[in-house]
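**Student:** File data.tsv below, TSV, C-alpha atoms and all ligand atoms:
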```
chain	number	residue	atom	x	y	z
A	1	MET	CA	23.75	-5.58	-2.46
A	2	ALA	CA	27.22	-5.19	-3.95
A	3	ALA	CA	29.97	-5.33	-1.32
A	4	SER	CA	31.05	-1.82	-2.29
A	5	GLU	CA	27.52	-0.40	-2.06
A	6	LYS	CA	27.14	1.88	0.91
A	7	PRO	CA	24.25	0.99	3.26
A	8	LEU	CA	21.70	3.81	3.14
A	9	ILE	CA	19.41	2.40	5.80
A	10	ARG	CA	19.99	1.08	9.31
A	11	ILE	CA	17.88	-1.58	10.96
A	12	VAL	CA	17.75	-2.32	14.68
A	13	ASN	CA	15.40	-4.83	16.32
A	14	ASP	CA	14.79	-4.08	20.00
A	15	ASP	CA	12.71	-6.95	21.33
A	16	GLY	CA	10.29	-6.96	18.39
A	17	ILE	CA	10.26	-3.21	17.73
A	18	VAL	CA	12.20	-2.77	14.50
A	19	THR	CA	13.51	0.71	13.74
A	20	LEU	CA	14.44	1.35	10.13
A	21	THR	CA	16.42	4.59	9.87
A	22	ILE	CA	16.99	6.28	6.53
A	23	ASP	CA	20.68	7.13	6.64
A	24	ARG	CA	21.78	9.47	3.87
A	25	PRO	CA	22.16	12.73	5.79
A	26	GLU	CA	24.51	14.37	3.29
A	27	LYS	CA	21.58	14.38	0.81
A	28	ARG	CA	18.89	15.00	3.44
A	29	ASN	CA	17.77	11.35	3.11
A	30	ALA	CA	16.61	11.83	-0.48
A	31	MET	CA	15.72	8.53	-2.15
A	32	ASN	CA	18.16	7.54	-4.89
A	33	PRO	CA	17.97	4.25	-6.85
A	34	ALA	CA	20.32	2.45	-4.43
A	35	MET	CA	18.06	3.41	-1.52
A	36	HIS	CA	14.97	2.13	-3.31
A	37	TYR	CA	16.61	-1.25	-3.90
A	38	GLN	CA	17.82	-1.44	-0.29
A	39	MET	CA	14.40	-0.48	1.06
A	40	HIS	CA	12.67	-2.98	-1.21
A	41	LYS	CA	14.96	-5.79	-0.06
A	42	ALA	CA	14.82	-4.86	3.63
A	43	LEU	CA	11.03	-4.59	3.78
A	44	SER	CA	10.55	-7.74	1.69
A	45	ASP	CA	12.59	-9.61	4.32
A	46	LEU	CA	11.04	-7.93	7.37
A	47	ARG	CA	7.56	-8.52	6.08
A	48	PHE	CA	7.93	-12.27	6.61
A	49	ASP	CA	9.99	-12.01	9.79
A	50	PRO	CA	7.89	-12.97	12.83
A	51	ALA	CA	10.48	-11.21	15.01
A	52	CYS	CA	9.24	-7.90	13.59
A	53	ARG	CA	6.22	-7.05	15.76
A	54	VAL	CA	6.16	-3.30	15.09
A	55	LEU	CA	7.99	-1.30	12.42
A	56	VAL	CA	9.19	2.28	13.02
A	57	ILE	CA	10.55	4.31	10.09
A	58	THR	CA	12.50	7.48	10.77
A	59	GLY	CA	15.38	9.50	9.33
A	60	VAL	CA	18.84	10.31	10.57
A	61	ASP	CA	19.78	13.86	11.67
A	62	GLU	CA	17.58	16.77	10.56
A	63	SER	CA	15.70	15.02	7.78
A	64	PHE	CA	13.00	12.37	7.52
A	65	CYS	CA	13.12	12.15	3.71
A	66	ALA	CA	13.70	14.96	1.19
A	67	GLY	CA	11.70	13.02	-1.41
A	68	GLN	CA	13.07	11.50	-4.56
A	69	ASP	CA	16.68	12.27	-5.38
A	70	LEU	CA	16.07	14.91	-8.02
A	71	LYS	CA	19.37	14.19	-9.71
A	72	GLU	CA	19.80	10.41	-9.47
A	73	TYR	CA	16.13	9.37	-9.66
A	74	PHE	CA	14.86	11.88	-12.25
A	75	TYR	CA	17.54	13.85	-14.06
A	76	ASP	CA	20.19	11.19	-14.59
A	77	LEU	CA	17.80	8.41	-15.58
A	78	ASP	CA	15.86	10.66	-17.90
A	79	GLU	CA	18.90	12.21	-19.53
A	80	ARG	CA	20.43	8.81	-20.20
A	81	LYS	CA	17.12	7.54	-21.62
A	82	ALA	CA	17.90	4.37	-19.70
A	83	THR	CA	14.46	2.85	-20.16
A	84	VAL	CA	14.97	-0.57	-18.57
A	85	GLU	CA	16.92	0.79	-15.64
A	86	ARG	CA	14.37	3.56	-15.14
A	87	ASP	CA	11.47	1.08	-15.21
A	88	ARG	CA	13.23	-1.12	-12.68
A	89	VAL	CA	13.94	1.71	-10.28
A	90	ARG	CA	10.43	3.12	-10.59
A	91	ALA	CA	8.91	-0.30	-9.91
A	92	ALA	CA	11.07	-0.74	-6.79
A	93	SER	CA	10.27	2.81	-5.65
A	94	ASN	CA	6.54	2.28	-6.02
A	95	GLU	CA	6.41	-1.26	-4.65
A	96	TRP	CA	8.22	-0.73	-1.38
A	97	ARG	CA	6.22	2.34	-0.40
A	98	ASN	CA	2.78	1.71	-1.87
A	99	HIS	CA	2.48	-2.03	-1.67
A	100	ILE	CA	4.91	-3.70	0.74
A	101	LEU	CA	4.86	-0.90	3.33
A	102	ARG	CA	1.17	-0.03	2.89
A	103	LEU	CA	0.15	-3.64	3.50
A	104	PHE	CA	2.99	-4.53	5.88
A	105	PRO	CA	1.68	-7.29	8.19
A	106	ALA	CA	2.88	-5.66	11.42
A	107	PRO	CA	1.75	-2.18	12.47
A	108	THR	CA	3.92	0.63	11.14
A	109	ILE	CA	4.77	4.04	12.58
A	110	ALA	CA	6.40	6.90	10.68
A	111	ALA	CA	8.42	9.10	13.04
A	112	ILE	CA	8.87	12.31	11.07
A	113	ASN	CA	11.85	14.02	12.61
A	114	GLY	CA	12.51	16.79	10.07
A	115	TRP	CA	12.34	17.57	6.33
A	116	CYS	CA	9.65	15.62	4.47
A	117	PHE	CA	9.02	16.40	0.81
A	118	GLY	CA	7.25	14.93	-2.22
A	119	GLY	CA	7.83	11.17	-2.35
A	120	GLY	CA	8.44	11.21	1.42
A	121	PHE	CA	4.68	11.74	1.76
A	122	SER	CA	4.12	8.23	0.39
A	123	ILE	CA	6.13	6.78	3.27
A	124	VAL	CA	4.07	8.82	5.75
A	125	CYS	CA	0.74	7.90	4.16
A	126	SER	CA	1.57	4.21	3.83
A	127	CYS	CA	2.40	3.89	7.52
A	128	ASP	CA	-0.54	3.13	9.81
A	129	ILE	CA	0.41	5.80	12.33
A	130	ALA	CA	2.42	8.96	11.68
A	131	ILE	CA	3.87	11.05	14.50
A	132	ALA	CA	5.91	14.13	13.67
A	133	ALA	CA	8.01	16.67	15.48
A	134	ASP	CA	6.11	19.96	15.78
A	135	GLU	CA	9.17	21.51	14.16
A	136	ALA	CA	9.26	19.13	11.14
A	137	THR	CA	8.80	20.69	7.70
A	138	PHE	CA	6.52	19.11	5.10
A	139	GLY	CA	6.14	20.22	1.50
A	140	LEU	CA	4.73	19.21	-1.85
A	141	SER	CA	7.59	20.92	-3.62
A	142	GLU	CA	6.98	19.43	-7.07
A	143	ILE	CA	5.16	22.51	-8.36
A	144	ASN	CA	8.18	24.60	-7.37
A	145	PHE	CA	10.33	22.80	-9.96
A	146	ARG	CA	7.62	22.67	-12.64
A	147	GLY	CA	6.53	19.14	-11.73
A	148	ILE	CA	3.45	17.42	-10.31
A	149	PRO	CA	3.09	15.10	-7.29
A	150	GLY	CA	3.74	11.96	-9.33
A	151	GLY	CA	4.05	8.26	-8.54
A	152	MET	CA	1.37	7.60	-5.96
A	153	VAL	CA	1.74	10.90	-4.10
A	154	THR	CA	-1.45	12.38	-5.53
A	155	LYS	CA	-3.34	9.17	-4.72
A	156	ASN	CA	-1.91	9.28	-1.18
A	157	LEU	CA	-3.11	12.88	-0.84
A	158	THR	CA	-6.64	12.12	-2.02
A	159	GLU	CA	-6.92	9.29	0.53
A	160	THR	CA	-5.47	11.27	3.42
A	161	LEU	CA	-6.34	14.93	3.00
A	162	ARG	CA	-9.48	16.88	2.24
A	163	PRO	CA	-9.41	18.41	-1.27
A	164	ARG	CA	-9.19	21.91	0.20
A	165	GLU	CA	-5.88	21.25	1.91
A	166	GLY	CA	-4.52	18.66	-0.56
A	167	LEU	CA	-4.94	20.97	-3.54
A	168	PHE	CA	-3.80	24.03	-1.62
A	169	TYR	CA	-0.43	22.53	-0.76
A	170	ALA	CA	-0.01	20.73	-4.10
A	171	LEU	CA	-0.73	23.93	-6.07
A	172	THR	CA	1.17	26.43	-3.96
A	173	GLY	CA	4.17	24.30	-2.97
A	174	LYS	CA	4.09	26.09	0.40
A	175	SER	CA	5.80	24.19	3.18
A	176	PHE	CA	4.11	23.56	6.54
A	177	SER	CA	5.01	22.41	10.03
A	178	GLY	CA	4.41	19.15	11.85
A	179	LYS	CA	1.72	20.92	13.89
A	180	ARG	CA	-0.09	21.96	10.71
A	181	ALA	CA	0.31	18.42	9.29
A	182	ALA	CA	-1.60	17.16	12.35
A	183	GLU	CA	-4.33	19.80	11.97
A	184	ILE	CA	-5.04	18.75	8.37
A	185	GLY	CA	-4.93	15.02	9.11
A	186	LEU	CA	-1.79	14.18	7.15
A	187	ILE	CA	-0.33	12.71	10.32
A	188	THR	CA	-1.81	11.28	13.50
A	189	TYR	CA	-0.37	13.96	15.82
A	190	SER	CA	2.76	15.94	16.53
A	191	VAL	CA	4.86	16.47	19.64
A	192	PRO	CA	7.86	18.66	20.45
A	193	LYS	CA	10.93	17.28	18.73
A	194	ALA	CA	12.69	16.52	22.01
A	195	ARG	CA	9.88	14.10	22.87
A	196	LEU	CA	9.38	12.51	19.43
A	197	MET	CA	11.15	9.17	19.77
A	198	ASP	CA	9.97	8.61	23.39
A	199	GLU	CA	6.41	9.11	22.19
A	200	VAL	CA	6.89	6.82	19.18
A	201	TYR	CA	8.35	4.02	21.27
A	202	GLU	CA	5.58	4.36	23.86
A	203	ILE	CA	3.04	3.69	21.09
A	204	ALA	CA	5.25	0.93	19.63
A	205	ARG	CA	5.36	-0.85	23.01
A	206	LEU	CA	1.58	-0.58	23.31
A	207	LEU	CA	1.18	-2.19	19.88
A	208	ARG	CA	3.71	-4.92	20.70
A	209	GLU	CA	1.41	-6.12	23.50
A	210	LYS	CA	-1.52	-6.71	21.15
A	211	ASP	CA	-2.30	-9.92	19.30
A	212	ALA	CA	-0.24	-9.92	16.08
A	213	ILE	CA	-2.94	-11.69	14.05
A	214	ALA	CA	-5.69	-9.32	15.21
A	215	LEU	CA	-3.48	-6.32	14.38
A	216	ARG	CA	-2.81	-7.57	10.87
A	217	GLU	CA	-6.45	-8.42	10.18
A	218	THR	CA	-7.59	-5.06	11.58
A	219	LYS	CA	-5.39	-3.05	9.26
A	220	GLU	CA	-6.14	-5.20	6.21
A	221	THR	CA	-9.86	-4.85	6.86
A	222	PHE	CA	-9.57	-1.11	7.38
A	223	LYS	CA	-7.48	-0.42	4.30
A	224	THR	CA	-9.49	-2.65	1.99
A	225	SER	CA	-12.89	-1.44	3.28
A	226	MET	CA	-11.99	2.12	2.23
A	227	ARG	CA	-12.48	1.11	-1.37
A	228	MET	CA	-15.65	-1.02	-0.92
A	229	ASP	CA	-19.35	-0.28	-0.81
A	230	TYR	CA	-21.41	-1.22	2.29
A	231	GLU	CA	-22.41	-4.71	1.15
A	232	GLU	CA	-18.89	-5.62	0.08
A	233	ALA	CA	-17.40	-4.18	3.25
A	234	TYR	CA	-19.82	-6.12	5.48
A	235	SER	CA	-19.06	-9.43	3.74
A	236	TYR	CA	-15.36	-8.76	3.76
A	237	ALA	CA	-15.22	-7.76	7.44
A	238	THR	CA	-17.29	-10.82	8.41
A	239	ALA	CA	-14.93	-13.11	6.51
A	240	LYS	CA	-11.93	-11.36	8.06
A	241	ALA	CA	-13.33	-11.77	11.59
A	242	ASN	CA	-13.78	-15.48	10.92
A	243	GLU	CA	-10.28	-15.68	9.48
A	244	THR	CA	-8.89	-13.97	12.60
A	245	HIS	CA	-10.39	-16.68	14.84
A	246	LEU	CA	-9.24	-19.39	12.43
A	247	PHE	CA	-5.63	-18.18	12.44
A	248	GLN	CA	-5.62	-17.71	16.22
A	249	GLY	CA	-6.96	-21.19	16.89
A	250	ARG	CA	-8.91	-21.40	20.14
A	251	THR	CA	-6.61	-19.04	22.02
A	252	GLY	CA	-8.18	-15.92	20.52
A	253	MET	CA	-11.65	-16.69	21.84
A	254	HIS	CA	-10.50	-18.26	25.17
A	255	GLU	CA	-7.89	-15.69	26.10
A	256	GLY	CA	-9.91	-12.75	24.81
A	257	ILE	CA	-13.67	-12.92	25.28
A	258	GLY	CA	-13.32	-15.98	27.55
A	259	ALA	CA	-11.10	-14.06	29.98
A	260	PHE	CA	-13.62	-11.21	30.05
A	261	MET	CA	-16.44	-13.65	30.84
A	262	GLU	CA	-14.39	-14.97	33.75
A	263	GLY	CA	-14.07	-11.41	35.07
A	264	LYS	CA	-10.29	-11.33	34.55
A	265	PHE	CA	-10.12	-7.99	32.76
A	266	LYS	CA	-12.16	-5.10	31.36
A	267	PRO	CA	-11.40	-4.79	27.64
A	268	GLY	CA	-12.90	-1.30	27.52
A	269	LEU	CA	-10.17	-0.13	29.86
A	270	GLU	CA	-7.20	-2.45	29.60
A	271	HIS	CA	-5.33	-5.01	27.54
A	272	VAL	CA	-5.85	-8.73	28.11
A	273	LYS	CA	-3.10	-10.22	30.30
A	274	GLU	CA	-0.97	-13.02	28.85
A	301	LIG	N1	17.43	15.27	-4.34
A	301	LIG	C1	18.76	15.33	-4.53
A	301	LIG	N2	19.60	15.96	-3.68
A	301	LIG	C2	19.06	16.55	-2.60
A	301	LIG	C3	17.68	16.52	-2.34
A	301	LIG	C4	16.85	15.84	-3.27
A	301	LIG	N3	15.52	15.72	-3.09
A	301	LIG	N4	17.45	17.21	-1.21
A	301	LIG	C5	18.63	17.63	-0.78
A	301	LIG	N5	19.62	17.24	-1.61
A	301	LIG	C6	21.06	17.48	-1.51
A	301	LIG	C7	21.46	18.87	-1.97
A	301	LIG	O1	21.61	18.91	-3.38
A	301	LIG	C8	22.77	19.04	-1.24
A	301	LIG	O2	23.76	18.30	-1.92
A	301	LIG	P1	25.27	18.89	-2.05
A	301	LIG	O3	25.74	19.07	-0.64
A	301	LIG	O4	26.00	17.81	-2.76
A	301	LIG	O5	25.16	20.16	-2.78
A	301	LIG	C9	22.50	18.35	0.09
A	301	LIG	O6	21.42	17.45	-0.14
A	301	LIG	C10	22.11	19.28	1.19
A	301	LIG	O7	21.04	20.06	0.72
A	301	LIG	P2	20.89	21.60	1.10
A	301	LIG	O8	19.86	22.17	0.18
A	301	LIG	O9	22.21	22.26	1.15
A	301	LIG	O10	20.33	21.46	2.61
A	301	LIG	P3	19.38	22.42	3.44
A	301	LIG	O11	19.34	21.83	4.80
A	301	LIG	O12	19.78	23.84	3.31
A	301	LIG	O13	17.92	22.29	2.74
A	301	LIG	C11	16.08	21.02	1.83
A	301	LIG	C12	17.24	21.06	2.85
A	301	LIG	C13	15.03	22.08	2.20
A	301	LIG	C14	15.50	19.62	1.97
A	301	LIG	C15	16.59	21.30	0.39
A	301	LIG	O14	17.74	20.51	0.15
A	301	LIG	C16	15.57	21.00	-0.69
A	301	LIG	O15	14.76	21.83	-1.00
A	301	LIG	N6	15.64	19.76	-1.25
A	301	LIG	C17	14.72	19.36	-2.28
A	301	LIG	C18	13.40	18.88	-1.68
A	301	LIG	C19	12.50	18.42	-2.79
A	301	LIG	O16	11.99	19.24	-3.54
A	301	LIG	N7	12.35	17.09	-2.90
A	301	LIG	C20	11.77	16.47	-4.05
A	301	LIG	C21	10.32	16.24	-3.84
A	301	LIG	S1	9.54	15.75	-5.31
A	301	LIG	C22	9.49	14.08	-5.26
A	301	LIG	O17	9.90	13.45	-4.35
A	301	LIG	C23	8.84	13.41	-6.42
```
As a first step, turn the structure in this file into structure tokens.
Ligand code: ACO
**Tutor:**
Amino acid sequence: MAASEKPLIRIVNDDGIVTLTIDRPEKRNAMNPAMHYQMHKALSDLRFDPACRVLVITGVDESFCAGQDLKEYFYDLDERKATVERDRVRAASNEWRNHILRLFPAPTIAAINGWCFGGGFSIVCSCDIAIAADEATFGLSEINFRGIPGGMVTKNLTETLRPREGLFYALTGKSFSGKRAAEIGLITYSVPKARLMDEVYEIARLLREKDAIALRETKETFKTSMRMDYEEAYSYATAKANETHLFQGRTGMHEGIGAFMEGKFKPGLEHVKE
């Protein structure tokens, strides 16, 4: 990042729980090219950082993310016919949300605190868990400016929503609340805004207690199985279970199932003690 470039994201690591806050309130946290490059760099680093046990993504002030910056991401790049620059920005924009974040090794939580439009949906859908304020406002606004949900937004919608709701909101451009987002399965659940971050960190602390290797293998298996048939999914999950034990060494079996056999804990009801 150039010394003069203003940071558009903030990162805080609190004992393994990393909070990445989108920090461009004057533009409602819309994603401009500089933000895409900063996000790409930050997540590429965090992805290989063992000190990142859980990742929380949220937005500063009243906005989670107002989608792509309509001026800097679309209008300016298109008007200037800056092909190479446009390709570079689009690649960064797509990679950080739909590859690096979607397959991030640690569990990820989107904390949707306010406005969330268009490309902001890709952040929500790529996170493993999404918790919103009841009062947050979501919208597929593209149709309102004669566009379509581009990039991977339509793909995100088809994987997350039923066609009835996905098409309804994509075609009408009507906005909806965090409560409604929970009803249609776009997010995991919603809570009153005053409680949002307490709730998010409660879940983050729960995840931090779990085995990091088992978490990673669980989400990889889940996300990849979605696109497989039964035979492929069975083989893949079997190989992943073996890989989990291989990566854990003997501790996984001894401290997990072994502890249960010794009567030390009830895994149906509680987490294995260290
Ligand atoms: N791109 C560029 N600038 C934006 C964006 C955006 N997506 N969203 C907000 N801004 C800017 C506004 O232009 C304004 O800038 P200015 O102060 O320099 O004039 C500033 O942020 C504040 O915006 P307001 O509209 O004044 O804020 P308000 O709180 O009244 O409304 C809202 C917020 C509803 C988010 C509104 O700004 C809006 O509709 N933004 C566009 C949302 C959108 O359609 N996003 C694109 C989705 S499509 C995609 O991502 C592919």
**Student:** For ligand LIG 301 (chain A), return the neighbouring residues as a short mmCIF file (atom, residue, chain, number, x, y, z; two decimals) with C-alpha atoms, in the coordinates of the input (distance at most 10 Å; only C-alpha atoms and all ligand atoms).
**Tutor:**
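Result file out.cif:
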```cif
data_model
loop_
_atom_site.label_atom_id
_atom_site.label_comp_id
_atom_site.auth_asym_id
_atom_site.auth_seq_id
_atom_site.Cartn_x
_atom_site.Cartn_y
_atom_site.Cartn_z
CA ARG A 24 21.78 9.47 3.87
CA PRO A 25 22.16 12.73 5.79
CA GLU A 26 24.51 14.37 3.29
CA LYS A 27 21.58 14.38 0.81
CA ARG A 28 18.89 15.00 3.44
CA ASN A 29 17.77 11.35 3.11
CA ALA A 30 16.61 11.83 -0.48
CA MET A 31 15.72 8.53 -2.15
CA ASN A 32 18.16 7.54 -4.89
CA GLU A 62 17.58 16.77 10.56
CA SER A 63 15.70 15.02 7.78
CA PHE A 64 13.00 12.37 7.52
CA CYS A 65 13.12 12.15 3.71
CA ALA A 66 13.70 14.96 1.19
CA GLY A 67 11.70 13.02 -1.41
CA GLN A 68 13.07 11.50 -4.56
CA ASP A 69 16.68 12.27 -5.38
CA LEU A 70 16.07 14.91 -8.02
CA LYS A 71 19.37 14.19 -9.71
CA GLU A 72 19.80 10.41 -9.47
CA TYR A 73 16.13 9.37 -9.66
CA PHE A 74 14.86 11.88 -12.25
CA TYR A 75 17.54 13.85 -14.06
CA GLY A 114 12.51 16.79 10.07
CA TRP A 115 12.34 17.57 6.33
CA CYS A 116 9.65 15.62 4.47
CA PHE A 117 9.02 16.40 0.81
CA GLY A 118 7.25 14.93 -2.22
CA GLY A 119 7.83 11.17 -2.35
CA GLY A 120 8.44 11.21 1.42
CA PHE A 121 4.68 11.74 1.76
CA SER A 122 4.12 8.23 0.39
CA THR A 137 8.80 20.69 7.70
CA PHE A 138 6.52 19.11 5.10
CA GLY A 139 6.14 20.22 1.50
CA LEU A 140 4.73 19.21 -1.85
CA SER A 141 7.59 20.92 -3.62
CA GLU A 142 6.98 19.43 -7.07
CA ILE A 143 5.16 22.51 -8.36
CA ASN A 144 8.18 24.60 -7.37
CA PHE A 145 10.33 22.80 -9.96
CA GLY A 147 6.53 19.14 -11.73
CA ILE A 148 3.45 17.42 -10.31
CA PRO A 149 3.09 15.10 -7.29
CA GLY A 150 3.74 11.96 -9.33
CA GLY A 151 4.05 8.26 -8.54
CA MET A 152 1.37 7.60 -5.96
CA VAL A 153 1.74 10.90 -4.10
CA GLY A 173 4.17 24.30 -2.97
CA SER A 175 5.80 24.19 3.18
#
```
**Student:** In Å, rounded to a single decimal, give me how far CA of Ala110 in chain A is from CA of Gly185 in chain A.
**Tutor:** 14.0 Å
**Student:** Expressed in Å to a single decimal, how great is the separation between CA of Ala34 in chain A and CA of Asp76 in chain A?
**Tutor:** 13.4 Å
**Student:** One decimal, Å: what's the distance from CA of Ala214 in chain A over to CA of Leu43 in chain A, could you say?
**Tutor:**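 CA of Ala214 in chain A sits 20.8 Å away from CA of Leu43 in chain A.
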**Student:** Which is closest to Arg216 in chain A among A:Leu246, A:Leu167, A:Ala106, A:Leu157, if we use all atoms listed in the file?
**Tutor:**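 Between A:Leu246, A:Leu167, A:Ala106, A:Leu157, the residue approaching Arg216 in chain A most closely is A:Ala106.
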**Student:** Pick from A:Glu183, A:Glu199, A:Glu220, A:Asp15: nearest to Ala51 in chain A, with all atoms listed in the file counted?
**Tutor:**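 Result for the nearest residue to Ala51 in chain A: A:Asp15.
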**Student:** Compare A:Ile129, A:Lys155, A:Asn113, A:Asp78 by their minimum atom-to-atom distance to Asn98 in chain A, counting all atoms listed in the file, and give me the closest one.
**Tutor:**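 Among the listed residues, A:Lys155 lies closest to Asn98 in chain A.
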**Student:** With only C-alpha atoms as the counted atoms, please give the residues lying no more than 7 Å from range 80-97 of chain A, apart from itself and same-chain residues fewer than 4 positions off, as a list in words.
**Tutor:**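 Everything that qualifies: Pro33, His36, Tyr37, Met39, His40, Asp76, Leu101, Arg102, Ser122, Ile123, Ser126 and Gly151 of chain A.
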**Student:** Quick one: residues within 6 Å of range 192-195 of chain A, all atoms listed in the file, excluding same-chain residues fewer than 3 positions away - as a PyMOL selection string?
**Tutor:** chain A and resi 133-134+198
**Student:** For Ile109 in chain A, which residue among A:Ile203, A:Ala181, A:Leu186, A:Ala170 is the nearest when counting all atoms listed in the file?
**Tutor:**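 The answer is A:Ile203, which sits nearest to Ile109 in chain A.
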**Student:** Taking all atoms listed in the file into account, name the residue in A:Lys264, A:His271, A:His254, A:Lys179 that is nearest to Arg208 in chain A.
**Tutor:** A:His271
**Student:** Counting only C-alpha atoms, figure out which residue out of A:Ala241, A:Glu217, A:Gly256, A:Arg146 gets nearest to Leu171 in chain A.
**Tutor:**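 Closest to Leu171 in chain A, using only C-alpha atoms: A:Arg146.
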